[in-house]
Amino acid sequence: MSIWEYANPKKFMQTSAWALPWFTGLAVVTLLTGLIWGFFFTPEAANFGTTVKIIYIHVPSAMMAINVWAMMLVTSLIWLIRRHHVSALAAKAAAPIGLVMTLIALFTGAIWGQPMWGTWWEWDPRLTSFLILGLFYLGYLALWAAIDNPDTAADLTGVLCLVGSVFALLSRYAVNFWNQGLHQAASLSVDAEENVSDVYWYPLLLCMAGFVLLFIVLVLIRTRTEVRSRRLQALEARERLA
């Protein structure tokens with residue numbers, strides 16, 4: 001069995017139809033458990049008060065904003081190299097989800113920043129690179145909408161995805177590249193000294209897992225919709241030629 005079998009639309013539709021209920025159930029349980037635990041069963045932080053609890057939305061959404069683009073990069077490369085249509089449609093399906101995650105991260109970051117930094121916005125390296133990443137998401141979606149030929153659109157958006165990956169990388173590592181800026185270091189790290197306290201860490205891990213599972217559910221649903229739309233367009237074109 002080869003992984004490329006799942007690039008076949010029929011195989012993808014069959015497998016995703018089987019997997020969706022399981023991923024949906026896991027996403028609901030994991031996300032609800034993490035959010036309820038984090039918001040209602042963790043204490044206020046000494047220096048941050050109740051505002052610390054915004055990390056249960058801000059950190060997972062910021063993580064997903066970057067990783068969704070990484071997923072789009074991989075699927076775009078598969079399209080550019082192997083010309084599998086499902087991979088191009090998966091990248092297209094993921095883009096609106098990534099944009100929403102970016103907007104959530106920026107919005108919750110502003111809510112966090114106002115009481116902590118005394119300002120809703122600062123041209124901090126990480127904040128600025130995140131804003132630019134959001135603009136790349138918008139440009140990606142606009143490019144898909146502007147080009148009628150789906151294969152040409154997939155080619156051009158794939159190239160755009162390669163360029164935008166620079167800003168996805170900067171969004172993740174800007175704090176390490178530049179010491180200046182208000183944004184703190186990562187909340188989670190392989191270095192235990194940089195991690196948040198365990199009382200916040202465990203529910204945060206659950207929330208992050210929940211966001212990942214939620215993304216899988218949404219991208220499967222949207223990719224299935226894109227496959228059906230492509231089939232419908234093909235049938236309509238065949239009828240016009242008949």
# chains A, B, ... in the order shown; residues from 1 in each chain; ligands from 1
call {"tool": "select_by_dssp", "arguments": {"residues": "stretch 12-230 of chain A", "states": "alpha helix (DSSP H)", "output": "ChimeraX atom specification"}}
result
/A:12-40,55-82,85-117,125-146,150-177,198-230
call {"tool": "closest_residue", "arguments": {"among": "A:Leu32, A:Ile3, A:Val163, A:Leu20", "to": "A:Leu206", "atoms": "only C-alpha atoms"}}
result
A:Leu32
call {"tool": "closest_residue", "arguments": {"among": "A:Phe215, A:Tyr202, A:Phe167, A:Phe41", "to": "A:Tyr137", "atoms": "only C-alpha atoms"}}
result
A:Phe167
call {"tool": "residues_around", "arguments": {"residues": "A:Met101", "least_positions_apart": "6", "cutoff": "12 Å", "atoms": "only C-alpha atoms", "output": "list in words"}}
result
Ile57, His58, Val59, Pro60, Ser61, Ala62, Met63, Met64, Ala65, Ile66, Asn67, Val68, Trp69, Ala94, Ala95, Phe107, Thr108, Gly109, Phe130, Leu131, Leu133, Gly134, Tyr137, Phe211, Val212, Leu214 and Phe215 of chain A
call {"tool": "residues_around", "arguments": {"residues": "A:Trp22", "least_positions_apart": "6", "cutoff": "12 Å", "atoms": "only C-alpha atoms", "output": "ChimeraX atom specification"}}
result
/A:15-16,28-29,213-214,216-217
call {"tool": "residues_around", "arguments": {"residues": "A:Asp151", "least_positions_apart": "3", "cutoff": "9 Å", "atoms": "only C-alpha atoms", "output": "compact mmCIF listing (two decimals) with C-alpha atoms, in the first residue's frame"}}
result
# COMPACT_ATOMS: atom_id res chain seq x y z
CA HIS A 85 -5.33 17.27 -7.58
CA ALA A 88 -3.94 21.17 -4.42
CA ASP A 148 -10.57 30.61 -13.69
CA ALA A 154 -2.93 25.80 -8.13
CA ASP A 155 0.44 26.46 -9.80
CA LEU A 156 0.53 30.17 -8.93
call {"tool": "residues_around", "arguments": {"residues": "A:Lys11", "least_positions_apart": "6", "cutoff": "12 Å", "atoms": "only C-alpha atoms", "output": "PyMOL selection string"}}
result
chain A and resi 2-5+17-18+86+224+227
call {"tool": "write_last_selection", "arguments": {"atoms": "N, CA and C atoms", "output": "tab-separated table (two decimals), in the first residue's frame"}}
result
chain	number	residue	atom	x	y	z
A	2	SER	N	0.56	2.19	-0.88
A	2	SER	CA	1.32	3.42	-0.98
A	2	SER	C	0.48	4.59	-0.46
A	3	ILE	N	1.14	5.57	0.14
A	3	ILE	CA	0.45	6.75	0.62
A	3	ILE	C	-0.19	7.54	-0.52
A	4	TRP	N	0.38	7.36	-1.72
A	4	TRP	CA	-0.13	8.10	-2.88
A	4	TRP	C	-1.50	7.59	-3.33
A	5	GLU	N	-1.91	6.44	-2.81
A	5	GLU	CA	-3.25	5.95	-3.12
A	5	GLU	C	-4.32	6.94	-2.65
A	17	ALA	N	-14.50	9.88	4.73
A	17	ALA	CA	-15.85	9.64	5.24
A	17	ALA	C	-15.81	8.73	6.47
A	18	TRP	N	-14.89	7.77	6.47
A	18	TRP	CA	-14.74	6.88	7.62
A	18	TRP	C	-14.07	7.60	8.80
A	86	VAL	N	-5.92	16.25	-5.43
A	86	VAL	CA	-6.42	16.30	-4.06
A	86	VAL	C	-5.50	17.15	-3.18
A	224	ARG	N	-13.31	17.71	1.02
A	224	ARG	CA	-14.38	16.90	0.43
A	224	ARG	C	-15.33	17.79	-0.39
A	227	VAL	N	-13.57	18.65	-3.64
A	227	VAL	CA	-13.58	17.51	-4.57
A	227	VAL	C	-14.95	17.40	-5.25
call {"tool": "residues_around", "arguments": {"residues": "A:Ala153", "least_positions_apart": "2", "cutoff": "12 Å", "atoms": "only C-alpha atoms", "output": "NGL selection string"}}
result
:A and (76 or 79-80 or 85 or 88-89 or 91-92 or 140-151 or 155-161)
call {"tool": "closest_residue", "arguments": {"among": "A:Trp121, A:Leu218, A:Arg83, A:Leu169", "to": "A:Thr152", "atoms": "only C-alpha atoms"}}
result
A:Arg83
call {"tool": "closest_residue", "arguments": {"among": "A:Ile81, A:Leu31, A:Ile97, A:Ile55", "to": "A:Val219", "atoms": "only C-alpha atoms"}}
result
A:Ile97
call {"tool": "closest_residue", "arguments": {"among": "A:Ala93, A:Leu127, A:Leu26, A:Leu35", "to": "A:Leu205", "atoms": "only C-alpha atoms"}}
result
A:Leu35
call {"tool": "closest_residue", "arguments": {"among": "A:Leu103, A:Met116, A:Ala209, A:Ala7", "to": "A:Arg82", "atoms": "only C-alpha atoms"}}
result
A:Ala7
call {"tool": "atom_distance", "arguments": {"atom1": "atom CA of A:Thr42", "atom2": "atom CA of A:Gly98"}}
result
28.6 Å
call {"tool": "decode", "arguments": {"residues": "stretch 51-181 of chain A", "atoms": "C-alpha atoms", "output": "compact mmCIF listing (two decimals), in the first residue's frame"}}
result
# COMPACT_ATOMS: atom_id res chain seq x y z
CA THR A 51 -5.72 37.43 31.58
CA VAL A 52 -3.28 34.51 31.64
CA LYS A 53 -6.15 32.23 30.62
CA ILE A 54 -6.24 33.73 27.15
CA ILE A 55 -3.26 31.48 26.37
CA TYR A 56 -5.71 28.59 25.93
CA ILE A 57 -6.96 30.24 22.76
CA HIS A 58 -4.06 32.49 21.76
CA VAL A 59 -1.25 29.94 21.83
CA PRO A 60 -3.10 27.13 19.97
CA SER A 61 -4.46 29.53 17.32
CA ALA A 62 -1.01 31.07 16.78
CA MET A 63 0.51 27.61 16.53
CA MET A 64 -2.11 26.55 13.98
CA ALA A 65 -1.76 29.75 11.94
CA ILE A 66 1.86 28.81 11.28
CA ASN A 67 1.38 25.06 10.91
CA VAL A 68 -1.58 25.39 8.54
CA TRP A 69 0.70 27.33 6.20
CA ALA A 70 3.31 24.59 6.60
CA MET A 71 0.66 22.02 5.63
CA MET A 72 -0.26 24.17 2.62
CA LEU A 73 3.40 24.30 1.64
CA VAL A 74 3.72 20.51 1.72
CA THR A 75 0.53 19.90 -0.25
CA SER A 76 1.43 22.63 -2.74
CA LEU A 77 4.83 21.00 -3.33
CA ILE A 78 3.11 17.65 -3.87
CA TRP A 79 0.91 19.32 -6.49
CA LEU A 80 3.82 21.06 -8.20
CA ILE A 81 5.93 17.89 -8.29
CA ARG A 82 3.43 15.05 -8.67
CA ARG A 83 0.31 16.87 -9.96
CA HIS A 84 -2.12 15.24 -7.54
CA HIS A 85 -5.33 17.27 -7.58
CA VAL A 86 -6.42 16.30 -4.06
CA SER A 87 -3.26 17.87 -2.63
CA ALA A 88 -3.94 21.17 -4.42
CA LEU A 89 -7.54 21.12 -3.22
CA ALA A 90 -6.40 20.36 0.33
CA ALA A 91 -4.13 23.42 0.27
CA LYS A 92 -7.00 25.55 -1.03
CA ALA A 93 -9.32 24.13 1.65
CA ALA A 94 -6.84 24.86 4.45
CA ALA A 95 -6.24 28.52 3.58
CA PRO A 96 -9.46 30.03 5.05
CA ILE A 97 -8.92 28.02 8.24
CA GLY A 98 -5.37 29.35 8.51
CA LEU A 99 -6.59 32.91 7.95
CA VAL A 100 -9.16 32.57 10.74
CA MET A 101 -6.50 31.14 13.07
CA THR A 102 -4.23 34.08 12.26
CA LEU A 103 -7.00 36.59 12.98
CA ILE A 104 -7.84 34.86 16.27
CA ALA A 105 -4.16 34.93 17.28
CA LEU A 106 -3.85 38.65 16.43
CA PHE A 107 -7.13 39.53 18.18
CA THR A 108 -6.41 37.57 21.36
CA GLY A 109 -2.84 38.88 21.33
CA ALA A 110 -4.20 42.44 21.30
CA ILE A 111 -6.49 41.64 24.24
CA TRP A 112 -3.48 40.22 26.09
CA GLY A 113 -1.17 43.06 25.08
CA GLN A 114 -3.34 45.98 26.14
CA PRO A 115 -3.19 45.33 29.92
CA MET A 116 0.30 43.80 29.80
CA TRP A 117 2.06 46.26 27.48
CA GLY A 118 -0.29 49.22 27.70
CA THR A 119 -1.06 49.12 23.97
CA TRP A 120 -3.31 47.14 21.63
CA TRP A 121 -0.62 46.93 18.95
CA GLU A 122 3.14 47.23 18.73
CA TRP A 123 5.36 46.78 15.68
CA ASP A 124 7.04 43.91 17.44
CA PRO A 125 8.95 41.47 15.14
CA ARG A 126 6.63 38.55 15.86
CA LEU A 127 3.44 40.63 15.64
CA THR A 128 4.55 42.24 12.39
CA SER A 129 5.51 38.93 10.78
CA PHE A 130 2.16 37.47 11.89
CA LEU A 131 0.33 40.38 10.29
CA ILE A 132 2.25 39.83 7.04
CA LEU A 133 1.42 36.10 7.23
CA GLY A 134 -2.25 37.06 7.44
CA LEU A 135 -1.86 39.21 4.34
CA PHE A 136 -0.31 36.25 2.53
CA TYR A 137 -3.35 34.16 3.46
CA LEU A 138 -5.57 36.87 1.97
CA GLY A 139 -3.41 37.03 -1.16
CA TYR A 140 -3.51 33.24 -1.51
CA LEU A 141 -7.31 33.19 -1.35
CA ALA A 142 -7.60 36.16 -3.72
CA LEU A 143 -5.33 34.45 -6.26
CA TRP A 144 -7.46 31.31 -6.23
CA ALA A 145 -10.58 33.44 -6.76
CA ALA A 146 -9.05 35.53 -9.54
CA ILE A 147 -7.96 32.69 -11.86
CA ASP A 148 -10.57 30.61 -13.69
CA ASN A 149 -8.33 27.71 -14.68
CA PRO A 150 -7.93 25.59 -11.49
CA ASP A 151 -4.61 24.05 -12.52
CA THR A 152 -3.08 27.45 -13.27
CA ALA A 153 -4.47 28.77 -9.97
CA ALA A 154 -2.93 25.80 -8.13
CA ASP A 155 0.44 26.46 -9.80
CA LEU A 156 0.53 30.17 -8.93
CA THR A 157 -0.76 29.73 -5.40
CA GLY A 158 1.83 26.99 -4.88
CA VAL A 159 4.59 29.46 -5.76
CA LEU A 160 2.99 32.06 -3.47
CA CYS A 161 2.96 29.47 -0.71
CA LEU A 162 6.71 28.99 -1.12
CA VAL A 163 7.32 32.73 -0.74
CA GLY A 164 4.94 33.08 2.21
CA SER A 165 6.73 30.30 4.04
CA VAL A 166 9.49 32.78 4.87
CA PHE A 167 7.04 34.80 6.94
CA ALA A 168 5.58 31.66 8.52
CA LEU A 169 9.12 30.85 9.66
CA LEU A 170 9.64 34.39 10.91
CA SER A 171 6.33 34.25 12.80
CA ARG A 172 7.61 31.21 14.67
CA TYR A 173 11.19 32.29 15.35
CA ALA A 174 11.09 36.11 15.29
CA VAL A 175 11.64 36.29 19.05
CA ASN A 176 14.80 34.22 18.65
CA PHE A 177 16.06 36.23 15.66
CA TRP A 178 15.59 39.63 17.32
CA ASN A 179 16.00 40.32 21.01
CA GLN A 180 14.07 43.57 20.83
CA GLY A 181 10.29 43.53 20.96
